[in-house]
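First up is the structure itself, then whatever we jot down about it.
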Amino acid sequence: MNFTVKGRNITVTEALRSYAEEKLVKLGRNLNSASRLELELFCERNPRIEDNQVAEATIFTKGPVLRARSASGDMYASIDLVADKLDRQVKKYRSKLVSHDARVRGSLPPDPGGGFGDEEEEDDGGPRIVKTKQFSIKPMSAEEAALQMELIGHDFFVFRNAESNDTNVIYRRRDGNYGLIEPK
């Protein structure tokens, strides 16, 4: 696995780099050798934030991109936390790959009911859908959608773009700006 460490507003020392490599490279045992891991370390400049030592890691695989972010008062602790988060994500990803491969090869029976088990059967501790909303989507501009999002107090808003007539999503980024997701 290809491993990269970057520092933003901090100098990445050799000790920090080797510690991060020691903690994160073992994730590569469960991934393809062509996978790439990028770790970005930085310090939040806001004096009100106590947990200002931040570690963000991204693993690029053949399938999904795995991301984790952790913050604490110590950079080494942040690296430990982000390694734990990524370890859980990699194990979950690998278990889905193994069960999918076995189902494709026919060694496991297909899931009855199209992959949705009963609530009692499916208690793996993972996220589940607990609420469903339906609403009509009216055409509007991205600016109007941002205003609507602010009015309802959500972090994202689904709308039909008046210019392209496609369904888009506008969301609030951590830096306070907005992001727009458009289909290709």
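Every chain in the structure tokens has a letter given in the order shown (A, B, ...), and although residue numbers restart at 1 in each chain, ligands are simply numbered from 1 in the order shown.
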Checklist entry - Which residues come within 8 Å of A:Val54, counting only C-alpha atoms, excluding same-chain residues fewer than 3 positions away, as a PyMOL selection string? => result chain A and resi 41-44+51+69-72+75+78
Dump of C-alpha atoms for the selected residues, as a PDB file, in the first residue's frame:
```
ATOM      1  CA  LEU A  41      -2.085  16.253   9.987  1.00  0.00           C
ATOM      2  CA  PHE A  42      -2.901  19.801  11.021  1.00  0.00           C
ATOM      3  CA  CYS A  43      -3.539  22.043  13.969  1.00  0.00           C
ATOM      4  CA  GLU A  44      -6.739  24.085  14.242  1.00  0.00           C
ATOM      5  CA  ASP A  51      -9.074  19.285  20.553  1.00  0.00           C
ATOM      6  CA  ARG A  69     -11.165  12.342  10.847  1.00  0.00           C
ATOM      7  CA  SER A  70     -10.178  12.585  14.498  1.00  0.00           C
ATOM      8  CA  ALA A  71      -9.208  15.432  16.761  1.00  0.00           C
ATOM      9  CA  SER A  72      -7.729  15.503  20.243  1.00  0.00           C
ATOM     10  CA  MET A  75      -1.394  14.508  17.645  1.00  0.00           C
ATOM     11  CA  SER A  78      -5.463  11.735  17.046  1.00  0.00           C
TER      12      SER A  78
END
```
Checklist entry - What's the 12 Å shell around A:Arg17, counting only C-alpha atoms, without same-chain residues fewer than 3 positions away, as number ranges by chain? => result A: 3-7, 11-14, 20-25, 38-41, 75-76, 79
Now that the selection is made, can you save its residues with N, CA and C atoms as a compact mmCIF listing (two decimals), in the first residue's frame?
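Output below, filename result01.txt:
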```txt
# COMPACT_ATOMS: atom_id res chain seq x y z
N PHE A 3 1.75 4.93 0.99
CA PHE A 3 1.44 5.70 2.19
C PHE A 3 2.06 7.09 2.08
N THR A 4 1.24 8.14 2.31
CA THR A 4 1.71 9.52 2.24
C THR A 4 1.26 10.26 3.49
N VAL A 5 2.17 11.04 4.08
CA VAL A 5 1.84 11.89 5.23
C VAL A 5 2.09 13.33 4.85
N LYS A 6 1.07 14.18 5.07
CA LYS A 6 1.21 15.61 4.77
C LYS A 6 0.90 16.39 6.04
N GLY A 7 1.52 17.54 6.17
CA GLY A 7 1.25 18.42 7.29
C GLY A 7 0.77 19.77 6.79
N THR A 11 4.92 21.08 11.04
CA THR A 11 6.02 20.33 10.45
C THR A 11 5.88 18.88 10.90
N VAL A 12 5.87 17.97 9.94
CA VAL A 12 5.75 16.55 10.25
C VAL A 12 7.16 16.03 10.55
N THR A 13 7.41 15.71 11.81
CA THR A 13 8.72 15.21 12.20
C THR A 13 8.86 13.75 11.79
N GLU A 14 10.08 13.26 11.78
CA GLU A 14 10.32 11.86 11.42
C GLU A 14 9.68 10.94 12.45
N ALA A 20 2.89 7.28 12.68
CA ALA A 20 1.70 7.17 11.84
C ALA A 20 1.82 5.98 10.90
N GLU A 21 2.99 5.79 10.34
CA GLU A 21 3.19 4.66 9.43
C GLU A 21 3.02 3.34 10.18
N GLU A 22 3.57 3.25 11.37
CA GLU A 22 3.45 2.03 12.18
C GLU A 22 1.98 1.71 12.48
N LYS A 23 1.19 2.74 12.79
CA LYS A 23 -0.22 2.55 13.13
C LYS A 23 -1.10 2.25 11.92
N LEU A 24 -0.82 2.91 10.79
CA LEU A 24 -1.75 2.84 9.67
C LEU A 24 -1.37 1.84 8.58
N VAL A 25 -0.11 1.49 8.46
CA VAL A 25 0.29 0.60 7.37
C VAL A 25 -0.27 -0.80 7.58
N GLU A 38 -3.61 8.33 2.34
CA GLU A 38 -3.09 9.68 2.54
C GLU A 38 -3.51 10.15 3.92
N LEU A 39 -2.55 10.60 4.71
CA LEU A 39 -2.80 11.11 6.05
C LEU A 39 -2.43 12.59 6.07
N GLU A 40 -3.37 13.41 6.50
CA GLU A 40 -3.10 14.84 6.62
C GLU A 40 -3.20 15.23 8.09
N LEU A 41 -2.14 15.82 8.59
CA LEU A 41 -2.09 16.25 9.99
C LEU A 41 -2.08 17.77 10.02
N MET A 75 -1.41 15.02 19.01
CA MET A 75 -1.39 14.51 17.64
C MET A 75 -1.27 12.98 17.62
N TYR A 76 -0.50 12.41 18.53
CA TYR A 76 -0.35 10.96 18.58
C TYR A 76 -1.68 10.28 18.92
N ILE A 79 -3.87 10.33 15.86
CA ILE A 79 -3.49 9.27 14.91
C ILE A 79 -4.05 7.93 15.38
```
Next on the checklist: Give me the residues near A:Met140 as an NGL selection string, where near means some atom within 12 Å (using only C-alpha atoms) and where sequence neighbours in that chain fewer than 2 positions away do not count.
Outcome noted: :A and (137-138 or 142-148 or 157-170)
Item to check | A:Asn32 environment, 12 Å, only C-alpha atoms, sequence neighbours closer than 5 positions dropped, as an MDAnalysis selection string | outcome: chainID A and resid 1:2 27 37 59:63 90 93:94 97
Using the selection just defined, write its residues with N, CA and C atoms as an mmCIF file, in the first residue's frame.
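Saved as out19.cif:
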```
data_model
loop_
_atom_site.group_PDB
_atom_site.id
_atom_site.type_symbol
_atom_site.label_atom_id
_atom_site.label_comp_id
_atom_site.auth_asym_id
_atom_site.auth_seq_id
_atom_site.Cartn_x
_atom_site.Cartn_y
_atom_site.Cartn_z
ATOM 1 N N MET A 1 0.846 -1.173 0.000
ATOM 2 C CA MET A 1 0.000 0.000 0.000
ATOM 3 C C MET A 1 0.895 1.242 0.000
ATOM 4 N N ASN A 2 0.538 2.193 -0.834
ATOM 5 C CA ASN A 2 1.257 3.457 -0.925
ATOM 6 C C ASN A 2 0.803 4.352 0.240
ATOM 7 N N LEU A 27 -3.138 -1.564 8.181
ATOM 8 C CA LEU A 27 -4.435 -1.636 7.513
ATOM 9 C C LEU A 27 -4.293 -2.220 6.112
ATOM 10 N N LEU A 37 -3.020 5.297 0.802
ATOM 11 C CA LEU A 37 -3.465 5.936 2.030
ATOM 12 C C LEU A 37 -2.792 7.299 2.141
ATOM 13 N N ILE A 59 -8.310 6.517 2.423
ATOM 14 C CA ILE A 59 -7.793 5.325 1.755
ATOM 15 C C ILE A 59 -8.521 5.195 0.430
ATOM 16 N N PHE A 60 -7.755 5.186 -0.647
ATOM 17 C CA PHE A 60 -8.307 5.012 -1.989
ATOM 18 C C PHE A 60 -8.156 3.540 -2.345
ATOM 19 N N THR A 61 -9.289 2.839 -2.512
ATOM 20 C CA THR A 61 -9.281 1.422 -2.874
ATOM 21 C C THR A 61 -9.860 1.281 -4.270
ATOM 22 N N LYS A 62 -9.935 0.025 -4.739
ATOM 23 C CA LYS A 62 -10.586 -0.210 -6.026
ATOM 24 C C LYS A 62 -12.069 0.101 -5.938
ATOM 25 N N GLY A 63 -12.635 -0.069 -4.756
ATOM 26 C CA GLY A 63 -14.052 0.190 -4.535
ATOM 27 C C GLY A 63 -14.262 1.565 -3.955
ATOM 28 N N VAL A 90 -12.367 -0.622 7.351
ATOM 29 C CA VAL A 90 -11.728 -1.618 6.485
ATOM 30 C C VAL A 90 -12.314 -2.999 6.757
ATOM 31 N N TYR A 93 -15.729 -3.140 5.217
ATOM 32 C CA TYR A 93 -15.579 -3.205 3.757
ATOM 33 C C TYR A 93 -15.180 -4.607 3.328
ATOM 34 N N ARG A 94 -14.204 -5.202 4.022
ATOM 35 C CA ARG A 94 -13.728 -6.553 3.691
ATOM 36 C C ARG A 94 -14.827 -7.591 3.895
ATOM 37 N N LEU A 97 -17.159 -7.414 1.058
ATOM 38 C CA LEU A 97 -16.562 -8.006 -0.137
ATOM 39 C C LEU A 97 -16.614 -9.519 -0.082
#
```
Checklist entry - Which distance in Å separates atom CA of A:Pro127 and atom CA of A:Asn52, to one decimal? => result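 Atom-to-atom, atom CA of A:Pro127 to atom CA of A:Asn52, that is 28.0 Å.
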